[in-house]
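**Q** File entry_26.cif follows (mmCIF, C-alpha atoms):
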data_query
#
loop_
_atom_site.label_atom_id
_atom_site.label_comp_id
_atom_site.auth_asym_id
_atom_site.auth_seq_id
_atom_site.Cartn_x
_atom_site.Cartn_y
_atom_site.Cartn_z
CA MET U 1 -69.79 -61.56 -43.57
CA HIS U 2 -66.43 -62.64 -42.20
CA PRO U 3 -63.62 -60.09 -42.55
CA PHE U 4 -60.66 -61.22 -44.63
CA ALA U 5 -58.41 -61.91 -41.62
CA PRO U 6 -60.75 -64.47 -39.93
CA TYR U 7 -61.20 -66.13 -43.34
CA VAL U 8 -57.42 -66.57 -43.64
CA LEU U 9 -57.21 -67.80 -40.04
CA ARG U 10 -59.86 -70.48 -40.64
CA SER U 11 -58.10 -71.49 -43.86
CA TYR U 12 -54.91 -71.88 -41.83
CA TYR U 13 -56.69 -74.11 -39.30
CA ARG U 14 -58.03 -76.31 -42.10
CA ALA U 15 -54.62 -76.55 -43.76
CA THR U 16 -52.94 -77.57 -40.49
CA GLY U 17 -55.73 -79.96 -39.46
CA TRP U 18 -56.79 -78.08 -36.32
CA ASN U 19 -60.44 -78.48 -35.30
CA GLU U 20 -61.61 -75.15 -33.86
CA ASP U 21 -65.16 -76.52 -33.50
CA ASN U 22 -64.01 -78.80 -30.67
CA LEU U 23 -63.57 -75.89 -28.25
CA TYR U 24 -65.91 -75.14 -25.37
CA SER U 25 -66.09 -71.51 -26.50
CA ASN U 26 -67.69 -72.71 -29.77
CA LEU U 27 -70.26 -74.96 -28.08
CA THR U 28 -73.20 -72.83 -29.30
CA ARG U 29 -71.77 -71.85 -32.69
CA SER U 30 -74.68 -73.29 -34.72
CA SER U 31 -77.39 -71.41 -32.83
CA ASN U 32 -75.32 -68.23 -32.58
CA ALA U 33 -74.96 -68.17 -36.36
CA ILE U 34 -78.74 -67.77 -36.70
CA LEU U 35 -79.60 -65.72 -33.61
CA ASP U 36 -76.51 -63.59 -32.95
CA PHE U 37 -75.43 -62.51 -36.44
CA ALA U 38 -73.74 -59.12 -36.65
CA VAL U 39 -75.38 -56.38 -38.71
CA PRO U 40 -73.04 -53.82 -40.33
CA ARG U 41 -73.43 -50.24 -39.12
CA GLY U 42 -72.81 -47.42 -41.56
CA LEU U 43 -70.73 -47.88 -44.71
CA HIS U 44 -67.79 -50.28 -44.54
CA LEU U 45 -65.33 -50.96 -47.38
CA SER U 46 -62.64 -53.66 -47.46
CA VAL U 47 -59.98 -54.48 -50.07
CA SER U 48 -57.56 -57.40 -49.62
CA LYS U 49 -54.81 -58.96 -51.68
CA SER U 50 -52.83 -62.22 -51.54
CA PRO U 51 -49.57 -61.70 -53.46
CA ASN U 52 -48.59 -65.32 -52.77
CA THR U 53 -49.77 -68.32 -50.79
CA PHE U 54 -47.91 -67.20 -47.64
CA PHE U 55 -48.55 -63.46 -47.39
CA ASN U 56 -51.81 -61.51 -47.28
CA THR U 57 -52.68 -57.83 -46.93
CA SER U 58 -55.96 -56.16 -46.01
CA TYR U 59 -57.19 -52.56 -46.06
CA THR U 60 -60.48 -51.41 -44.54
CA MET U 61 -62.29 -48.08 -44.35
CA ASN U 62 -65.41 -46.99 -42.47
CA ALA U 63 -67.04 -44.03 -44.21
CA LEU U 64 -70.08 -43.69 -41.96
CA PRO U 65 -70.86 -42.58 -39.28
CA SER U 66 -67.19 -41.57 -38.81
CA LEU U 67 -64.18 -41.83 -41.10
CA ASN U 68 -61.53 -44.32 -39.99
CA GLY U 69 -59.64 -47.29 -41.36
CA SER U 70 -57.04 -49.97 -40.78
CA VAL U 71 -54.16 -51.78 -42.46
CA GLY U 72 -53.48 -55.46 -41.77
CA TYR U 73 -50.88 -58.05 -42.71
CA ILE U 74 -50.92 -61.84 -42.33
CA PHE U 75 -48.04 -64.27 -42.84
CA THR U 76 -48.26 -68.06 -42.53
CA SER U 77 -45.73 -70.86 -42.69
CA ARG U 78 -48.15 -73.11 -44.59
CA GLU U 79 -49.36 -72.50 -48.13
CA LEU U 80 -53.06 -71.57 -48.07
CA ASP U 81 -55.63 -71.97 -50.81
CA ILE U 82 -57.14 -68.47 -50.66
CA LYS U 83 -59.94 -67.88 -53.15
CA ASN U 84 -61.03 -64.67 -54.83
CA SER U 85 -64.16 -62.85 -53.72
CA SER U 86 -65.67 -63.74 -57.10
CA ASN U 87 -65.44 -67.52 -56.64
CA VAL U 88 -65.10 -68.15 -52.89
CA ASN U 89 -67.71 -70.38 -51.32
CA LEU U 90 -70.19 -68.11 -49.55
CA LYS U 91 -70.49 -70.59 -46.68
CA ASP U 92 -66.78 -70.07 -45.98
CA MET U 93 -67.37 -66.33 -45.56
CA THR U 94 -70.33 -66.36 -43.20
CA ASP U 95 -71.38 -68.13 -40.02
CA HIS U 96 -74.17 -70.58 -40.78
CA PHE U 97 -75.97 -73.51 -39.24
CA ASN U 98 -73.96 -76.67 -39.59
CA VAL U 99 -73.73 -80.13 -38.07
CA TYR U 100 -70.03 -80.71 -37.66
CA ALA U 101 -68.28 -84.00 -38.20
CA GLN U 102 -67.30 -86.27 -35.37
CA PRO U 103 -64.26 -84.98 -33.45
CA ARG U 104 -60.94 -86.49 -34.45
CA ARG U 105 -57.54 -86.47 -32.88
CA PRO U 106 -55.45 -83.84 -34.72
CA GLU U 107 -52.60 -85.13 -36.81
CA GLY U 108 -49.33 -83.30 -37.20
CA GLN U 109 -47.55 -82.55 -40.44
CA GLU U 110 -45.36 -85.14 -42.08
CA GLU U 111 -41.74 -85.16 -40.99
CA VAL U 112 -39.19 -83.99 -43.56
CA TRP U 113 -35.64 -85.32 -43.24
CA LEU U 114 -32.55 -84.16 -45.09
CA ALA U 115 -29.15 -85.80 -44.68
CA GLY U 116 -30.30 -87.49 -41.49
CA GLU U 117 -31.65 -84.28 -39.93
CA ARG U 118 -35.24 -83.16 -39.56
CA VAL U 119 -35.66 -79.89 -41.49
CA ASP U 120 -39.39 -79.25 -41.25
CA THR U 121 -40.54 -76.47 -38.91
CA ARG U 122 -43.71 -76.15 -36.90
CA ASP U 123 -46.62 -74.25 -38.39
CA TYR U 124 -47.29 -70.68 -37.33
CA LEU U 125 -49.35 -67.62 -38.25
CA LEU U 126 -48.49 -63.95 -37.70
CA TYR U 127 -51.16 -61.23 -37.89
CA GLY U 128 -51.01 -57.52 -37.26
CA ARG U 129 -53.44 -54.64 -37.82
CA LEU U 130 -52.94 -50.89 -37.35
CA TYR U 131 -56.03 -48.72 -36.88
CA LEU U 132 -56.07 -45.16 -38.17
CA PRO U 133 -56.25 -42.44 -36.96
CA THR U 134 -56.33 -43.84 -33.38
CA GLY U 135 -53.03 -45.71 -33.81
CA ARG U 136 -54.20 -48.83 -31.98
CA LEU U 137 -52.29 -51.99 -32.87
CA ASP U 138 -53.68 -55.54 -32.74
CA ALA U 139 -51.44 -58.60 -33.04
CA LEU U 140 -51.91 -62.37 -33.05
CA TYR U 141 -49.40 -65.22 -33.07
CA SER U 142 -50.54 -68.83 -33.42
CA THR U 143 -48.29 -71.88 -33.57
CA ARG U 144 -48.55 -75.66 -33.29
CA LEU U 145 -46.36 -76.82 -30.44
CA SER U 146 -47.22 -80.48 -31.10
CA PRO U 147 -49.84 -82.39 -33.12
CA THR U 148 -52.36 -81.96 -30.26
CA VAL U 149 -51.22 -78.66 -28.69
CA GLN U 150 -51.62 -75.16 -30.09
CA GLY U 151 -50.45 -71.90 -28.56
CA LEU U 152 -51.84 -68.41 -29.17
CA VAL U 153 -50.67 -64.97 -28.12
CA ALA U 154 -53.01 -62.00 -28.69
CA ALA U 155 -52.07 -58.41 -27.90
CA ILE U 156 -53.61 -54.93 -28.05
CA SER U 157 -51.44 -51.82 -27.82
CA GLY U 158 -53.01 -48.39 -27.34
CA PRO U 159 -51.22 -45.17 -28.33
CA PRO U 160 -49.93 -42.76 -25.67
CA SER U 161 -52.19 -39.71 -25.45
CA SER U 162 -53.89 -37.49 -22.91
CA LEU U 163 -57.12 -39.47 -23.20
CA VAL U 164 -55.23 -42.70 -22.61
CA THR U 165 -53.47 -41.19 -19.59
CA GLU U 166 -56.82 -40.17 -18.10
CA GLY U 167 -58.17 -43.65 -18.75
CA ARG U 168 -55.22 -45.26 -17.00
CA ALA U 169 -55.80 -42.98 -14.01
CA ARG U 170 -59.33 -44.38 -13.80
CA GLY U 171 -57.98 -47.92 -14.03
CA ASP U 172 -58.78 -48.47 -17.72
CA ASN U 173 -55.78 -49.96 -19.54
CA PRO U 174 -56.04 -49.79 -23.37
CA SER U 175 -53.17 -52.27 -23.76
CA ASN U 176 -53.36 -55.95 -22.96
CA ILE U 177 -51.79 -59.28 -23.81
CA MET U 178 -53.39 -62.69 -23.50
CA PHE U 179 -51.85 -66.17 -23.69
CA SER U 180 -53.85 -69.25 -24.62
CA LEU U 181 -52.86 -72.92 -24.71
CA GLN U 182 -55.20 -75.42 -26.40
CA HIS U 183 -54.88 -79.19 -26.00
CA ASP U 184 -57.13 -81.29 -28.24
CA ILE U 185 -57.07 -85.10 -28.33
CA GLY U 186 -60.48 -85.54 -29.93
CA LYS U 187 -62.50 -86.89 -27.04
CA TRP U 188 -61.15 -84.21 -24.69
CA CYS U 189 -60.30 -80.59 -25.47
CA THR U 190 -58.83 -78.26 -22.84
CA GLU U 191 -58.01 -74.57 -23.11
CA TYR U 192 -55.94 -72.54 -20.62
CA THR U 193 -55.91 -68.73 -20.82
CA TRP U 194 -54.27 -65.86 -18.96
CA SER U 195 -54.92 -62.13 -19.41
CA ALA U 196 -52.38 -59.58 -18.19
CA ASP U 197 -54.84 -56.69 -17.94
CA ASP U 198 -56.89 -58.01 -15.04
CA GLY U 199 -54.72 -60.99 -14.11
CA MET U 200 -57.46 -63.42 -15.11
CA TRP U 201 -56.81 -67.16 -15.27
CA GLY U 202 -59.27 -69.39 -17.12
CA VAL U 203 -59.73 -73.07 -17.87
CA ARG U 204 -62.21 -74.52 -20.36
CA VAL U 205 -62.88 -78.22 -20.80
CA LEU U 206 -65.03 -80.06 -23.34
CA HIS U 207 -65.69 -83.80 -23.37
CA ASN U 208 -67.26 -85.69 -26.30
CA PHE U 209 -69.13 -88.86 -25.45
CA GLY U 210 -69.08 -91.77 -27.86
CA ARG U 211 -66.42 -92.95 -30.25
CA LEU U 212 -64.10 -90.69 -32.19
CA GLY U 213 -64.14 -90.28 -35.93
CA SER U 214 -61.31 -91.70 -37.99
CA PRO U 215 -59.61 -90.08 -40.98
CA VAL U 216 -61.13 -92.75 -43.24
CA GLU U 217 -64.47 -94.09 -42.12
CA PRO U 218 -64.96 -97.76 -43.05
CA PRO U 219 -67.91 -98.20 -45.37
CA GLU U 220 -70.85 -99.98 -43.87
CA GLU U 221 -72.36 -100.87 -47.21
CA SER U 222 -70.42 -102.14 -50.19
CA ALA U 223 -71.33 -102.63 -53.80
CA THR U 224 -72.21 -106.25 -53.16
CA GLY U 225 -74.83 -105.37 -50.57
CA PRO U 226 -75.16 -104.43 -46.92
CA ARG U 227 -72.54 -105.55 -44.47
CA PRO U 228 -73.30 -108.71 -42.41
CA LYS U 229 -75.03 -108.09 -39.09
CA ARG U 230 -73.01 -108.59 -35.95
CA VAL U 231 -74.20 -110.97 -33.25
CA ASP U 232 -74.52 -108.19 -30.63
CA GLU U 233 -76.12 -105.68 -33.02
CA GLU U 234 -79.76 -104.73 -32.51
CA ASP U 235 -82.24 -103.85 -35.20
CA ALA U 236 -82.68 -100.13 -35.93
CA THR U 237 -85.81 -98.66 -34.48
CA GLY U 238 -87.70 -95.72 -35.91
CA GLY U 239 -88.35 -92.43 -34.17
CA GLY U 240 -86.09 -90.19 -32.17
CA LEU U 241 -82.84 -88.51 -33.07
CA LYS U 242 -79.53 -90.34 -33.20
CA GLY U 243 -76.48 -88.29 -32.33
CA ARG U 244 -73.71 -87.54 -29.86
CA VAL U 245 -73.51 -85.55 -26.66
CA SER U 246 -70.79 -83.11 -25.57
CA ALA U 247 -70.46 -81.54 -22.13
CA GLY U 248 -68.06 -78.94 -20.81
CA ALA U 249 -67.34 -76.32 -18.20
CA GLU U 250 -65.46 -73.06 -17.77
CA VAL U 251 -63.79 -71.63 -14.66
CA TYR U 252 -62.04 -68.26 -14.46
CA VAL U 253 -60.50 -66.27 -11.61
CA SER U 254 -59.40 -62.61 -11.67
CA ALA U 255 -56.67 -61.66 -9.20
CA LYS U 256 -57.09 -57.92 -9.83
CA GLU U 257 -60.87 -57.83 -9.50
CA LYS U 258 -60.88 -60.52 -6.80
CA SER U 259 -63.74 -62.27 -8.54
CA ALA U 260 -64.43 -65.62 -10.11
CA GLY U 261 -66.93 -67.24 -12.44
CA VAL U 262 -68.06 -70.61 -13.71
CA SER U 263 -70.31 -71.89 -16.46
CA LEU U 264 -71.59 -75.30 -17.50
CA GLY U 265 -72.68 -76.39 -20.97
CA VAL U 266 -74.08 -79.40 -22.80
CA ARG U 267 -74.75 -80.00 -26.49
CA PHE U 268 -76.58 -82.68 -28.44
CA THR U 269 -76.05 -82.83 -32.18
CA THR U 270 -77.19 -85.36 -34.73
CA LEU U 271 -74.66 -87.38 -36.65
CA PRO U 272 -73.81 -86.11 -40.14
CA ASP U 273 -75.46 -88.07 -42.92
CA THR U 274 -72.95 -90.45 -44.51
CA GLY U 275 -75.11 -91.24 -47.52
CA LEU U 276 -76.09 -94.81 -46.69
CA SER U 277 -79.32 -95.99 -48.15
CA SER U 278 -82.58 -96.02 -46.24
CA GLN U 279 -82.56 -99.85 -46.27
CA THR U 280 -79.65 -99.90 -43.81
CA ARG U 281 -80.17 -96.76 -41.77
CA GLY U 282 -83.79 -95.81 -42.16
CA PRO U 283 -84.97 -92.37 -43.26
CA ALA U 284 -82.50 -89.53 -42.97
CA GLN U 285 -82.97 -87.41 -39.87
CA PRO U 286 -82.98 -83.60 -39.97
CA PRO U 287 -79.70 -82.05 -38.83
CA THR U 288 -80.38 -80.80 -35.30
CA THR U 289 -78.40 -79.16 -32.52
CA ILE U 290 -79.65 -78.68 -28.95
CA THR U 291 -77.56 -76.71 -26.46
CA GLY U 292 -77.88 -75.66 -22.83
CA LEU U 293 -75.76 -73.22 -20.80
CA PHE U 294 -75.93 -72.39 -17.10
CA ASN U 295 -74.00 -69.82 -15.08
CA PRO U 296 -74.73 -70.59 -11.41
CA MET U 297 -73.09 -67.41 -10.07
CA MET U 298 -75.03 -65.06 -12.34
CA GLY U 299 -78.11 -67.27 -12.36
CA HIS U 300 -78.32 -67.22 -16.16
CA LEU U 301 -79.86 -70.18 -17.96
CA SER U 302 -79.99 -70.51 -21.75
CA ALA U 303 -81.44 -73.29 -23.93
CA ALA U 304 -81.40 -73.32 -27.75
CA TYR U 305 -82.83 -75.62 -30.41
CA ALA U 306 -81.71 -75.37 -34.05
CA ALA U 307 -82.59 -77.60 -36.99
CA ARG U 308 -82.40 -77.61 -40.77
CA VAL U 309 -85.97 -78.18 -41.91
CA SER U 310 -85.11 -78.27 -45.63
CA ARG U 311 -82.04 -78.11 -47.81
CA ASP U 312 -81.80 -74.31 -47.65
CA LEU U 313 -83.87 -73.35 -44.59
CA SER U 314 -82.76 -73.56 -40.95
CA LEU U 315 -84.74 -72.45 -37.91
CA CYS U 316 -83.62 -71.74 -34.36
CA SER U 317 -85.24 -70.81 -31.06
CA ARG U 318 -83.57 -69.81 -27.79
CA PHE U 319 -84.91 -69.11 -24.32
CA ASP U 320 -82.89 -67.13 -21.77
CA PHE U 321 -83.89 -66.98 -18.11
CA ASN U 322 -82.37 -65.57 -14.93
CA VAL U 323 -83.23 -67.52 -11.80
CA TYR U 324 -82.50 -64.52 -9.53
CA SER U 325 -84.33 -61.66 -11.27
CA TYR U 326 -86.82 -63.81 -13.21
CA ASP U 327 -86.01 -61.85 -16.38
CA SER U 328 -86.55 -63.87 -19.51
CA GLU U 329 -86.18 -63.46 -23.25
CA TRP U 330 -87.32 -65.63 -26.14
CA THR U 331 -85.51 -65.26 -29.46
CA MET U 332 -86.42 -66.86 -32.78
CA GLY U 333 -84.46 -66.81 -36.02
CA ALA U 334 -84.28 -68.22 -39.53
CA GLU U 335 -81.59 -68.73 -42.15
CA TRP U 336 -82.49 -69.16 -45.82
CA TRP U 337 -79.96 -69.81 -48.57
CA MET U 338 -80.88 -68.54 -52.04
CA ARG U 339 -79.70 -70.41 -55.10
CA ARG U 340 -79.42 -69.69 -58.77
CA SER U 341 -80.77 -72.77 -60.53
CA LEU U 342 -80.18 -73.75 -64.13
CA PRO U 343 -82.67 -76.48 -65.09
CA GLN U 344 -81.37 -79.27 -67.27
CA SER U 345 -83.39 -81.77 -69.26
CA PRO U 346 -82.32 -85.25 -68.14
CA SER U 347 -82.36 -88.16 -70.51
CA HIS U 348 -84.84 -91.00 -70.18
CA GLY U 349 -82.19 -93.24 -68.62
CA GLU U 350 -81.29 -90.61 -66.02
CA ARG U 351 -84.96 -90.18 -65.10
CA THR U 352 -85.29 -93.94 -64.67
CA ARG U 353 -82.24 -94.12 -62.42
CA ALA U 354 -83.38 -91.10 -60.42
CA SER U 355 -86.77 -92.67 -59.74
CA SER U 356 -85.08 -95.76 -58.28
CA LEU U 357 -82.80 -93.80 -55.92
CA PRO U 358 -83.83 -93.19 -52.29
CA ALA U 359 -85.08 -89.80 -51.17
CA GLU U 360 -82.53 -86.99 -51.17
CA ARG U 361 -80.68 -86.28 -47.98
CA TRP U 362 -81.05 -82.96 -46.23
CA ASP U 363 -77.70 -81.70 -47.53
CA GLN U 364 -77.76 -83.43 -50.95
CA GLN U 365 -77.80 -81.47 -54.17
CA PRO U 366 -80.59 -82.20 -56.68
CA SER U 367 -79.45 -84.68 -59.30
CA THR U 368 -80.96 -82.80 -62.25
CA MET U 369 -80.31 -79.20 -61.19
CA ALA U 370 -77.06 -77.28 -61.46
CA THR U 371 -77.26 -74.94 -58.46
CA ASP U 372 -75.18 -72.02 -57.28
CA LEU U 373 -75.48 -70.10 -54.03
CA ARG U 374 -76.54 -66.48 -54.56
CA GLY U 375 -76.70 -65.42 -50.93
CA VAL U 376 -78.27 -65.94 -47.54
CA VAL U 377 -81.05 -64.11 -45.72
CA LYS U 378 -81.08 -64.11 -41.91
CA ALA U 379 -83.80 -62.81 -39.63
CA ARG U 380 -84.37 -62.77 -35.89
CA ILE U 381 -87.01 -61.44 -33.55
CA SER U 382 -87.17 -61.47 -29.76
CA THR U 383 -89.64 -60.66 -27.02
CA ASN U 384 -87.85 -57.35 -26.33
CA ASN U 385 -89.30 -56.10 -29.68
CA ASN U 386 -85.97 -56.12 -31.51
CA VAL U 387 -86.01 -57.26 -35.14
CA ALA U 388 -82.92 -57.75 -37.29
CA LEU U 389 -82.65 -58.56 -41.01
CA LEU U 390 -79.45 -59.35 -42.90
CA TRP U 391 -78.68 -60.25 -46.51
CA GLU U 392 -75.25 -61.50 -47.50
CA GLY U 393 -74.35 -62.41 -51.04
CA ARG U 394 -72.21 -61.74 -54.07
CA LEU U 395 -72.67 -58.98 -56.63
CA LYS U 396 -70.36 -59.31 -59.62
CA GLN U 397 -66.93 -59.80 -57.98
CA MET U 398 -67.72 -58.27 -54.60
CA LEU U 399 -69.19 -59.67 -51.39
CA VAL U 400 -72.02 -57.57 -50.01
CA SER U 401 -73.72 -57.41 -46.60
CA LEU U 402 -76.83 -55.32 -46.05
CA GLY U 403 -78.66 -55.28 -42.74
CA VAL U 404 -81.03 -53.36 -40.51
CA ILE U 405 -81.97 -53.47 -36.82
CA SER U 406 -85.38 -52.20 -35.74
CA ASP U 407 -87.07 -51.56 -32.40
CA LEU U 408 -90.80 -52.18 -32.75
CA SER U 409 -91.56 -50.58 -29.38
CA SER U 410 -90.11 -47.18 -30.35
CA ARG U 411 -92.26 -44.88 -32.47
CA SER U 412 -89.79 -42.00 -32.48
CA LYS U 413 -86.83 -44.09 -33.67
CA PRO U 414 -87.95 -47.45 -35.08
CA ILE U 415 -84.67 -47.97 -36.99
CA LYS U 416 -81.80 -48.46 -34.56
CA ALA U 417 -79.07 -49.25 -37.10
CA ILE U 418 -78.61 -49.82 -40.81
CA GLY U 419 -75.44 -50.64 -42.68
CA LEU U 420 -73.79 -51.74 -45.89
CA GLU U 421 -70.51 -53.67 -46.17
CA LEU U 422 -68.57 -54.19 -49.41
CA SER U 423 -65.61 -56.56 -49.59
CA TYR U 424 -63.25 -57.41 -52.44
CA PHE U 425 -60.15 -59.60 -52.35
CA SER U 426 -58.03 -61.35 -54.95
CA THR U 427 -54.93 -63.50 -55.24
CA GLY U 428 -51.73 -62.80 -57.06
#
If you convert what's in this file into structure tokens, what do you get?
**A**
Amino acid sequence: MHPFAPYVLRSYYRATGWNEDNLYSNLTRSSNAILDFAVPRGLHLSVSKSPNTFFNTSYTMNALPSLNGSVGYIFTSRELDIKNSSNVNLKDMTDHFNVYAQPRRPEGQEEVWLAGERVDTRDYLLYGRLYLPTGRLDALYSTRLSPTVQGLVAAISGPPSSLVTEGRARGDNPSNIMFSLQHDIGKWCTEYTWSADDGMWGVRVLHNFGRLGSPVEPPEESATGPRPKRVDEEDATGGGLKGRVSAGAEVYVSAKEKSAGVSLGVRFTTLPDTGLSSQTRGPAQPPTTITGLFNPMMGHLSAAYAARVSRDLSLCSRFDFNVYSYDSEWTMGAEWWMRRSLPQSPSHGERTRASSLPAERWDQQPSTMATDLRGVVKARISTNNNVALLWEGRLKQMLVSLGVISDLSSRSKPIKAIGLELSYFSTG
């Protein structure tokens, strides 16, 4: 389950029109949501409040295995539509498999003029969190420098103490600041980063092949019938997956460590279903994402395949291999959304119209069922005998996460970790 602060940050990105899915760092987000989900450890409590649409507060406490907590504050220049924990969409609070829309060029906010002068300001977000009793401080500042450029500054400040002094003597610095500049034009997305701790410079690039999406897609089928066929258009053929390909790379250099690294990545994802009838597009294809990553310096190769096999069930498989040590690992996972269904008795006319409609799409809601998400169950198992189970859902007005990690190869300690997370937030 997402903490409250990342939920507000993603709401801010949606409100400002920034596409965080078009970053190279999020190339494998769909498969990671099924195979790399985080399981809570111990007992974690979180209470958050939004007094207004600009300001948010958050308080967290870990009761087990040790007692600690934190206090956080978030302020944004843009009004955000923050929901309560009792009515927020569960898919907005958890990472899940998804086929994202075609990348679009970000659009800036509308200009506001007063007496011949422009009075609107650029969007920004301020976030700070103080951890107790350690006294560590985390901070984040995000702002839109232009419609296609976003800047971020993230900082960590450790408290002065004897332990910190000893760590600095060993070369461990608990404080750090990192600058990031993101440039997104839809087809290309570039990210430049610099970290002060180890003097690391990094560049990430992602390129999307094919045409860009537009804010308003022109309909290909009108009420009068299908659109006329172009002269250079070929007939649709069955079989195979239709989608788009994205490729990217990452290069980073550390001046302090005198080291460097590089990685390459490619992703194929099917096009989102636009709802056209099967007469014009053929049968709907299952949402699918295929990714591949390669680190030539470390010799690490990773390939993942994820698909939604039904409306509420998604499966994923990933194979990791090292070309130098020949170590390999195969991981499989599943994601199943549970729904609370209230059957309704349709009239004779509705049943007649339903029988004449084409088959439901993979992400389409049943026409005669009023459904509501109750939660999601995630499971993964790998060849290293690790098994993880996680349930995330809503109980009354609280969001609950319950998970366990088990090691099947250990008879003395088969349960490696178990945890429960409770979260409640409301608006003023």
**Q** May I ask for the distance between CA of Arg78 (chain U) and CA of Ser58 (chain U), given in Å to one decimal place?
**A**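 Atom-to-atom, CA of Arg78 (chain U) to CA of Ser58 (chain U), that is 18.7 Å.
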**Q** Please determine, counting all atoms listed in the file, which residue among U:Leu422, U:Thr57, U:Leu264, U:Thr427 has the shortest atom-to-atom distance to Gly42 (chain U).
**A**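 Closest to Gly42 (chain U) of all the choices is U:Leu422.
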**Q** With the PyMOL selection byres ((chain U and resi 198-207) around 8) as the selection, what would be picked from this file? Answer as a PyMOL selection string, please.
**A** chain U and resi 22-25+187-197+208-209+246-257
**Q** What does the PyMOL selection byres ((chain U and resi 378-395) around 6) select in this file, as a tab-separated table (two decimals) with C-alpha atoms, keeping the file's coordinate frame?
**A**
chain	number	residue	atom	x	y	z
U	329	GLU	CA	-86.18	-63.46	-23.25
U	330	TRP	CA	-87.32	-65.63	-26.14
U	331	THR	CA	-85.51	-65.26	-29.46
U	332	MET	CA	-86.42	-66.86	-32.78
U	333	GLY	CA	-84.46	-66.81	-36.02
U	334	ALA	CA	-84.28	-68.22	-39.53
U	335	GLU	CA	-81.59	-68.73	-42.15
U	374	ARG	CA	-76.54	-66.48	-54.56
U	375	GLY	CA	-76.70	-65.42	-50.93
U	376	VAL	CA	-78.27	-65.94	-47.54
U	377	VAL	CA	-81.05	-64.11	-45.72
U	396	LYS	CA	-70.36	-59.31	-59.62
U	397	GLN	CA	-66.93	-59.80	-57.98
U	398	MET	CA	-67.72	-58.27	-54.60
U	399	LEU	CA	-69.19	-59.67	-51.39
U	400	VAL	CA	-72.02	-57.57	-50.01
U	401	SER	CA	-73.72	-57.41	-46.60
U	402	LEU	CA	-76.83	-55.32	-46.05
U	403	GLY	CA	-78.66	-55.28	-42.74
U	404	VAL	CA	-81.03	-53.36	-40.51
U	405	ILE	CA	-81.97	-53.47	-36.82
U	406	SER	CA	-85.38	-52.20	-35.74
U	407	ASP	CA	-87.07	-51.56	-32.40
U	408	LEU	CA	-90.80	-52.18	-32.75
U	409	SER	CA	-91.56	-50.58	-29.38
**Q** May I ask which of the residues U:Asn52, U:Thr16, U:Thr121, U:Asn322 is the closest one to Gly428 (chain U), counting only C-alpha atoms?
**A** U:Asn52
**Q** Nearest residue to Phe268 (chain U) out of U:Val323, U:Gly299, U:Val99, U:Ser50, using only C-alpha atoms?
**A**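 Closest candidate: U:Val99.
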**Q** Give the answer as one residue: which of U:Pro133, U:Gly69, U:Gly186, U:Gly261 has the shortest atom-to-atom distance to Asp21 (chain U), using all atoms listed in the file?
**A**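 The closest residue to Asp21 (chain U) is U:Gly186.
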**Q** Under the rule that all atoms listed in the file are counted, which of U:His300, U:Lys83, U:His96, U:Arg244 is the nearest residue to Tyr424 (chain U)?
**A** U:Lys83
**Q** Pick out the closest residue to Pro51 (chain U) from this set: U:Leu80, U:Leu90, U:Leu315, U:Val71. Count all atoms listed in the file.
**A**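 Selected residue with least distance to Pro51 (chain U): U:Leu80.
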**Q** So the first atom is CA of Gly419 (chain U) and the second is CA of Pro40 (chain U); what is the distance between them in Å, to one decimal place?
**A**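 Separation of CA of Gly419 (chain U) and CA of Pro40 (chain U): 4.6 Å.
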**Q** As an exercise, work out the distance from CA of Val153 (chain U) to CA of Ala260 (chain U) in Å and give it to one decimal place.
**A**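 Separation of CA of Val153 (chain U) and CA of Ala260 (chain U): 22.7 Å.
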**Q** Quick one: apply the PyMOL selection byres ((chain U and resi 79) around 9) to the file and drop the selected residues here as a PDB file with C-alpha atoms, in the coordinates of the input.
**A**
ATOM      1  CA  TYR U  12     -54.910 -71.880 -41.830  1.00  0.00           C
ATOM      2  CA  ALA U  15     -54.620 -76.550 -43.760  1.00  0.00           C
ATOM      3  CA  ASN U  52     -48.590 -65.320 -52.770  1.00  0.00           C
ATOM      4  CA  THR U  53     -49.770 -68.320 -50.790  1.00  0.00           C
ATOM      5  CA  PHE U  54     -47.910 -67.200 -47.640  1.00  0.00           C
ATOM      6  CA  THR U  76     -48.260 -68.060 -42.530  1.00  0.00           C
ATOM      7  CA  SER U  77     -45.730 -70.860 -42.690  1.00  0.00           C
ATOM      8  CA  ARG U  78     -48.150 -73.110 -44.590  1.00  0.00           C
ATOM      9  CA  LEU U  80     -53.060 -71.570 -48.070  1.00  0.00           C
ATOM     10  CA  ASP U  81     -55.630 -71.970 -50.810  1.00  0.00           C
TER      11      ASP U  81
END
**Q** Using all atoms listed in the file, determine which residues lie at most 8 Å from region 26-28 of chain U, disregarding the query and same-chain residues fewer than 6 positions distant; provide the list as a short mmCIF file (atom, residue, chain, number, x, y, z; two decimals) with C-alpha atoms, in the frame of the given file.
**A**
data_model
loop_
_atom_site.label_atom_id
_atom_site.label_comp_id
_atom_site.auth_asym_id
_atom_site.auth_seq_id
_atom_site.Cartn_x
_atom_site.Cartn_y
_atom_site.Cartn_z
CA GLU U 20 -61.61 -75.15 -33.86
CA GLY U 265 -72.68 -76.39 -20.97
CA VAL U 266 -74.08 -79.40 -22.80
CA ARG U 267 -74.75 -80.00 -26.49
CA THR U 291 -77.56 -76.71 -26.46
#
**Q** What's around region 136-141 of chain U at 8 Å? Count all atoms listed in the file, leave out sequence neighbours fewer than 6 positions away in its own chain, and write the answer as a count of residues only.
**A** 15
